[in-house]
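Enquirer: Sharing my_file-v3.pdb here; it has PDB, C-alpha atoms, pLDDT in the B column.
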```pdb
ATOM      1  CA  MET A 268       0.000   0.000   0.000  1.00 54.00           C
ATOM      2  CA  LYS A 269       1.314   3.437  -0.968  1.00 62.00           C
ATOM      3  CA  SER A 270       2.111   5.841   1.865  1.00 59.00           C
ATOM      4  CA  PRO A 271      -0.038   8.996   1.948  1.00 86.00           C
ATOM      5  CA  VAL A 272       3.080  10.994   2.856  1.00 92.00           C
ATOM      6  CA  VAL A 273       4.882  12.697  -0.023  1.00 92.00           C
ATOM      7  CA  LYS A 274       8.547  13.676   0.358  1.00 94.00           C
ATOM      8  CA  ARG A 275       9.645  16.698  -1.689  1.00 94.00           C
ATOM      9  CA  SER A 276      12.846  18.692  -1.954  1.00 95.00           C
ATOM     10  CA  ILE A 277      12.555  22.411  -1.408  1.00 93.00           C
ATOM     11  CA  VAL A 278      15.012  25.289  -1.127  1.00 92.00           C
ATOM     12  CA  VAL A 279      14.648  27.226   2.122  1.00 89.00           C
ATOM     13  CA  ALA A 280      16.859  30.259   2.716  1.00 85.00           C
ATOM     14  CA  GLY A 281      19.248  29.065   0.023  1.00 90.00           C
ATOM     15  CA  HIS A 282      19.554  25.551   1.425  1.00 90.00           C
ATOM     16  CA  LYS A 283      18.006  22.446  -0.102  1.00 94.00           C
ATOM     17  CA  THR A 284      16.028  20.306   2.319  1.00 93.00           C
ATOM     18  CA  SER A 285      13.404  17.625   2.051  1.00 94.00           C
ATOM     19  CA  VAL A 286       9.994  17.827   3.667  1.00 95.00           C
ATOM     20  CA  SER A 287       7.562  14.953   4.124  1.00 95.00           C
ATOM     21  CA  LEU A 288       3.880  15.910   4.179  1.00 96.00           C
ATOM     22  CA  GLU A 289       0.573  14.397   3.216  1.00 95.00           C
ATOM     23  CA  GLU A 290      -0.663  15.540  -0.205  1.00 94.00           C
ATOM     24  CA  ALA A 291      -3.499  17.537   1.418  1.00 94.00           C
ATOM     25  CA  PHE A 292      -0.941  19.678   3.273  1.00 96.00           C
ATOM     26  CA  TRP A 293       1.086  20.244   0.083  1.00 95.00           C
ATOM     27  CA  ASN A 294      -2.122  21.364  -1.629  1.00 95.00           C
ATOM     28  CA  GLY A 295      -2.948  23.665   1.284  1.00 96.00           C
ATOM     29  CA  MET A 296       0.541  25.182   1.145  1.00 96.00           C
ATOM     30  CA  LYS A 297       0.175  25.827  -2.601  1.00 96.00           C
ATOM     31  CA  GLU A 298      -3.158  27.551  -2.028  1.00 97.00           C
ATOM     32  CA  ILE A 299      -1.824  29.720   0.800  1.00 97.00           C
ATOM     33  CA  SER A 300       1.335  30.701  -1.102  1.00 97.00           C
ATOM     34  CA  GLY A 301      -0.827  31.668  -4.088  1.00 97.00           C
ATOM     35  CA  LEU A 302      -3.079  33.828  -1.919  1.00 96.00           C
ATOM     36  CA  ARG A 303       0.004  35.559  -0.511  1.00 96.00           C
ATOM     37  CA  ASN A 304       1.653  35.951  -3.919  1.00 98.00           C
ATOM     38  CA  MET A 305       4.768  34.144  -2.788  1.00 96.00           C
ATOM     39  CA  THR A 306       6.563  30.989  -3.802  1.00 95.00           C
ATOM     40  CA  LEU A 307       6.208  27.775  -1.874  1.00 94.00           C
ATOM     41  CA  SER A 308       9.879  28.092  -0.865  1.00 95.00           C
ATOM     42  CA  GLU A 309       9.280  31.601   0.491  1.00 95.00           C
ATOM     43  CA  LEU A 310       6.293  30.442   2.524  1.00 96.00           C
ATOM     44  CA  VAL A 311       8.185  27.459   3.940  1.00 96.00           C
ATOM     45  CA  GLY A 312      11.063  29.817   4.802  1.00 95.00           C
ATOM     46  CA  GLU A 313       8.658  32.084   6.683  1.00 96.00           C
ATOM     47  CA  ILE A 314       7.230  29.130   8.601  1.00 96.00           C
ATOM     48  CA  ASP A 315      10.737  27.865   9.358  1.00 94.00           C
ATOM     49  CA  ASN A 316      11.821  31.276  10.675  1.00 94.00           C
ATOM     50  CA  ASN A 317       8.750  31.612  12.913  1.00 92.00           C
ATOM     51  CA  ARG A 318       8.606  28.128  14.397  1.00 91.00           C
ATOM     52  CA  GLN A 319       9.373  27.869  18.076  1.00 86.00           C
ATOM     53  CA  GLN A 320       9.995  24.142  18.330  1.00 81.00           C
ATOM     54  CA  GLY A 321       9.491  20.834  16.610  1.00 86.00           C
ATOM     55  CA  ASN A 322      10.471  19.780  13.151  1.00 93.00           C
ATOM     56  CA  LEU A 323       9.680  21.649   9.951  1.00 94.00           C
ATOM     57  CA  SER A 324       7.055  19.176   8.732  1.00 95.00           C
ATOM     58  CA  SER A 325       5.119  19.527  11.983  1.00 94.00           C
ATOM     59  CA  ALA A 326       5.395  23.315  11.869  1.00 95.00           C
ATOM     60  CA  ILE A 327       3.997  23.315   8.322  1.00 96.00           C
ATOM     61  CA  ARG A 328       1.083  21.068   9.288  1.00 95.00           C
ATOM     62  CA  LEU A 329       0.200  23.341  12.218  1.00 94.00           C
ATOM     63  CA  PHE A 330       0.496  26.444  10.023  1.00 95.00           C
ATOM     64  CA  VAL A 331      -1.831  25.009   7.352  1.00 96.00           C
ATOM     65  CA  LEU A 332      -4.308  23.799   9.976  1.00 95.00           C
ATOM     66  CA  ASP A 333      -4.321  27.224  11.650  1.00 93.00           C
ATOM     67  CA  HIS A 334      -4.817  29.017   8.305  1.00 94.00           C
ATOM     68  CA  PHE A 335      -7.859  26.981   7.314  1.00 93.00           C
ATOM     69  CA  LYS A 336      -9.271  26.972  10.847  1.00 92.00           C
ATOM     70  CA  ASN A 337      -9.088  30.775  10.951  1.00 90.00           C
ATOM     71  CA  ARG A 338     -10.669  31.004   7.508  1.00 86.00           C
ATOM     72  CA  ALA A 339     -13.537  28.744   8.586  1.00 85.00           C
ATOM     73  CA  VAL A 340     -14.141  30.777  11.744  1.00 83.00           C
ATOM     74  CA  ALA A 341     -14.040  34.050   9.798  1.00 82.00           C
ATOM     75  CA  SER A 342     -16.564  32.811   7.255  1.00 83.00           C
ATOM     76  CA  SER A 343     -18.912  31.488   9.957  1.00 78.00           C
ATOM     77  CA  GLY A 344     -19.259  34.847  11.678  1.00 75.00           C
ATOM     78  CA  ILE A 345     -18.828  33.107  15.037  1.00 72.00           C
ATOM     79  CA  GLU A 346     -16.462  34.669  17.546  1.00 68.00           C
ATOM     80  CA  PRO A 347     -13.458  32.302  18.011  1.00 59.00           C
ATOM     81  CA  LYS A 348     -12.814  30.799  21.419  1.00 63.00           C
ATOM     82  CA  ALA A 349      -9.619  31.828  23.140  1.00 55.00           C
ATOM     83  CA  THR A 350      -6.846  29.335  22.546  1.00 53.00           C
ATOM     84  CA  VAL A 351      -3.721  28.737  24.552  1.00 46.00           C
ATOM     85  CA  ASP A 352      -0.466  28.980  22.639  1.00 49.00           C
ATOM     86  CA  SER A 353       1.350  25.636  23.001  1.00 42.00           C
ATOM     87  CA  ARG A 354       4.552  27.499  23.906  1.00 44.00           C
ATOM     88  CA  HIS A 355       2.836  28.849  26.995  1.00 42.00           C
ATOM     89  CA  SER A 356       0.587  25.950  27.940  1.00 39.00           C
ATOM     90  CA  ALA A 357       3.053  24.428  30.402  1.00 41.00           C
ATOM     91  CA  ALA A 358       3.612  27.786  32.086  1.00 40.00           C
ATOM     92  CA  ALA A 359      -0.134  28.445  32.229  1.00 40.00           C
ATOM     93  CA  ALA A 360      -0.742  25.055  33.839  1.00 41.00           C
ATOM     94  CA  ALA A 361       1.949  25.540  36.473  1.00 40.00           C
ATOM     95  CA  PRO A 362       0.771  26.655  39.962  1.00 40.00           C
TER      96      PRO A 362
END
```
As a first step, turn the structure in this file into structure tokens.

Expert:
Amino acid sequence: MKSPVVKRSIVVAGHKTSVSLEEAFWNGMKEISGLRNMTLSELVGEIDNNRQQGNLSSAIRLFVLDHFKNRAVASSGIEPKATVDSRHSAAAAAP
């Protein structure tokens, strides 16, 4: 059975790297980069520069999820619930 994960080479900040993502996330990245009038490499570079932890593939998945989640909330007209940033969740949970 073929794996749903697709590994692609991409140039980020002048360096070639490979990223493994499901096809749906690649498609989401292409859509987002088109909306922002930037290349896929530029968008991945932006995500890479802004990530706080974890690997690049995970950071991309979270970025794409957040983009489409925010778009869905905006189109629904419903006020979004407050979310806790994962970087601060441990500190927020501490006594």

Enquirer: Can you tell me which residues surround A:Asn322 at a distance of at most 10 Å, considering all atoms listed in the file, apart from same-chain residues fewer than 5 positions away, and format the answer as a list of chain:residue names?

Expert: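 In the requested format, the answer is A:Val286, A:Asp315, A:Ile327.
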
Enquirer: Using the chain letters and numbers from the file, which residues does the PyMOL selection byres ((chain A and resi 306-312) around 12) grab, as a JSON list (two decimals) with C-alpha atoms, in the frame of the given file?

Expert:
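Printed below is result-v8.json as written:
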```
[["chain", "number", "residue", "atom", "x", "y", "z"],
["A", 275, "ARG", "CA", 9.64, 16.70, -1.69],
["A", 276, "SER", "CA", 12.85, 18.69, -1.95],
["A", 277, "ILE", "CA", 12.56, 22.41, -1.41],
["A", 278, "VAL", "CA", 15.01, 25.29, -1.13],
["A", 279, "VAL", "CA", 14.65, 27.23, 2.12],
["A", 280, "ALA", "CA", 16.86, 30.26, 2.72],
["A", 281, "GLY", "CA", 19.25, 29.06, 0.02],
["A", 282, "HIS", "CA", 19.55, 25.55, 1.42],
["A", 283, "LYS", "CA", 18.01, 22.45, -0.10],
["A", 284, "THR", "CA", 16.03, 20.31, 2.32],
["A", 285, "SER", "CA", 13.40, 17.62, 2.05],
["A", 286, "VAL", "CA", 9.99, 17.83, 3.67],
["A", 292, "PHE", "CA", -0.94, 19.68, 3.27],
["A", 293, "TRP", "CA", 1.09, 20.24, 0.08],
["A", 294, "ASN", "CA", -2.12, 21.36, -1.63],
["A", 295, "GLY", "CA", -2.95, 23.66, 1.28],
["A", 296, "MET", "CA", 0.54, 25.18, 1.14],
["A", 297, "LYS", "CA", 0.18, 25.83, -2.60],
["A", 298, "GLU", "CA", -3.16, 27.55, -2.03],
["A", 299, "ILE", "CA", -1.82, 29.72, 0.80],
["A", 300, "SER", "CA", 1.34, 30.70, -1.10],
["A", 301, "GLY", "CA", -0.83, 31.67, -4.09],
["A", 302, "LEU", "CA", -3.08, 33.83, -1.92],
["A", 303, "ARG", "CA", 0.00, 35.56, -0.51],
["A", 304, "ASN", "CA", 1.65, 35.95, -3.92],
["A", 305, "MET", "CA", 4.77, 34.14, -2.79],
["A", 313, "GLU", "CA", 8.66, 32.08, 6.68],
["A", 314, "ILE", "CA", 7.23, 29.13, 8.60],
["A", 315, "ASP", "CA", 10.74, 27.86, 9.36],
["A", 316, "ASN", "CA", 11.82, 31.28, 10.68],
["A", 317, "ASN", "CA", 8.75, 31.61, 12.91],
["A", 318, "ARG", "CA", 8.61, 28.13, 14.40],
["A", 323, "LEU", "CA", 9.68, 21.65, 9.95],
["A", 324, "SER", "CA", 7.06, 19.18, 8.73],
["A", 325, "SER", "CA", 5.12, 19.53, 11.98],
["A", 326, "ALA", "CA", 5.40, 23.32, 11.87],
["A", 327, "ILE", "CA", 4.00, 23.32, 8.32],
["A", 328, "ARG", "CA", 1.08, 21.07, 9.29],
["A", 330, "PHE", "CA", 0.50, 26.44, 10.02],
["A", 331, "VAL", "CA", -1.83, 25.01, 7.35]]
```

Enquirer: As an exercise, work out the distance from atom CA of A:Ile345 to atom CA of A:Leu332 in Å and give it to one decimal place.

Expert: 18.0 Å

Enquirer: State, in Å with one decimal place, the distance from atom CA of A:Ala291 to atom CA of A:His334.

Expert: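 Between atom CA of A:Ala291 and atom CA of A:His334 the gap is 13.5 Å.
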
Enquirer: Take atom CA of A:Lys274 and atom CA of A:Asp333 and report the distance between them in Å, one decimal.

Expert: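 Calculated distance between atom CA of A:Lys274 and atom CA of A:Asp333 is 21.8 Å.
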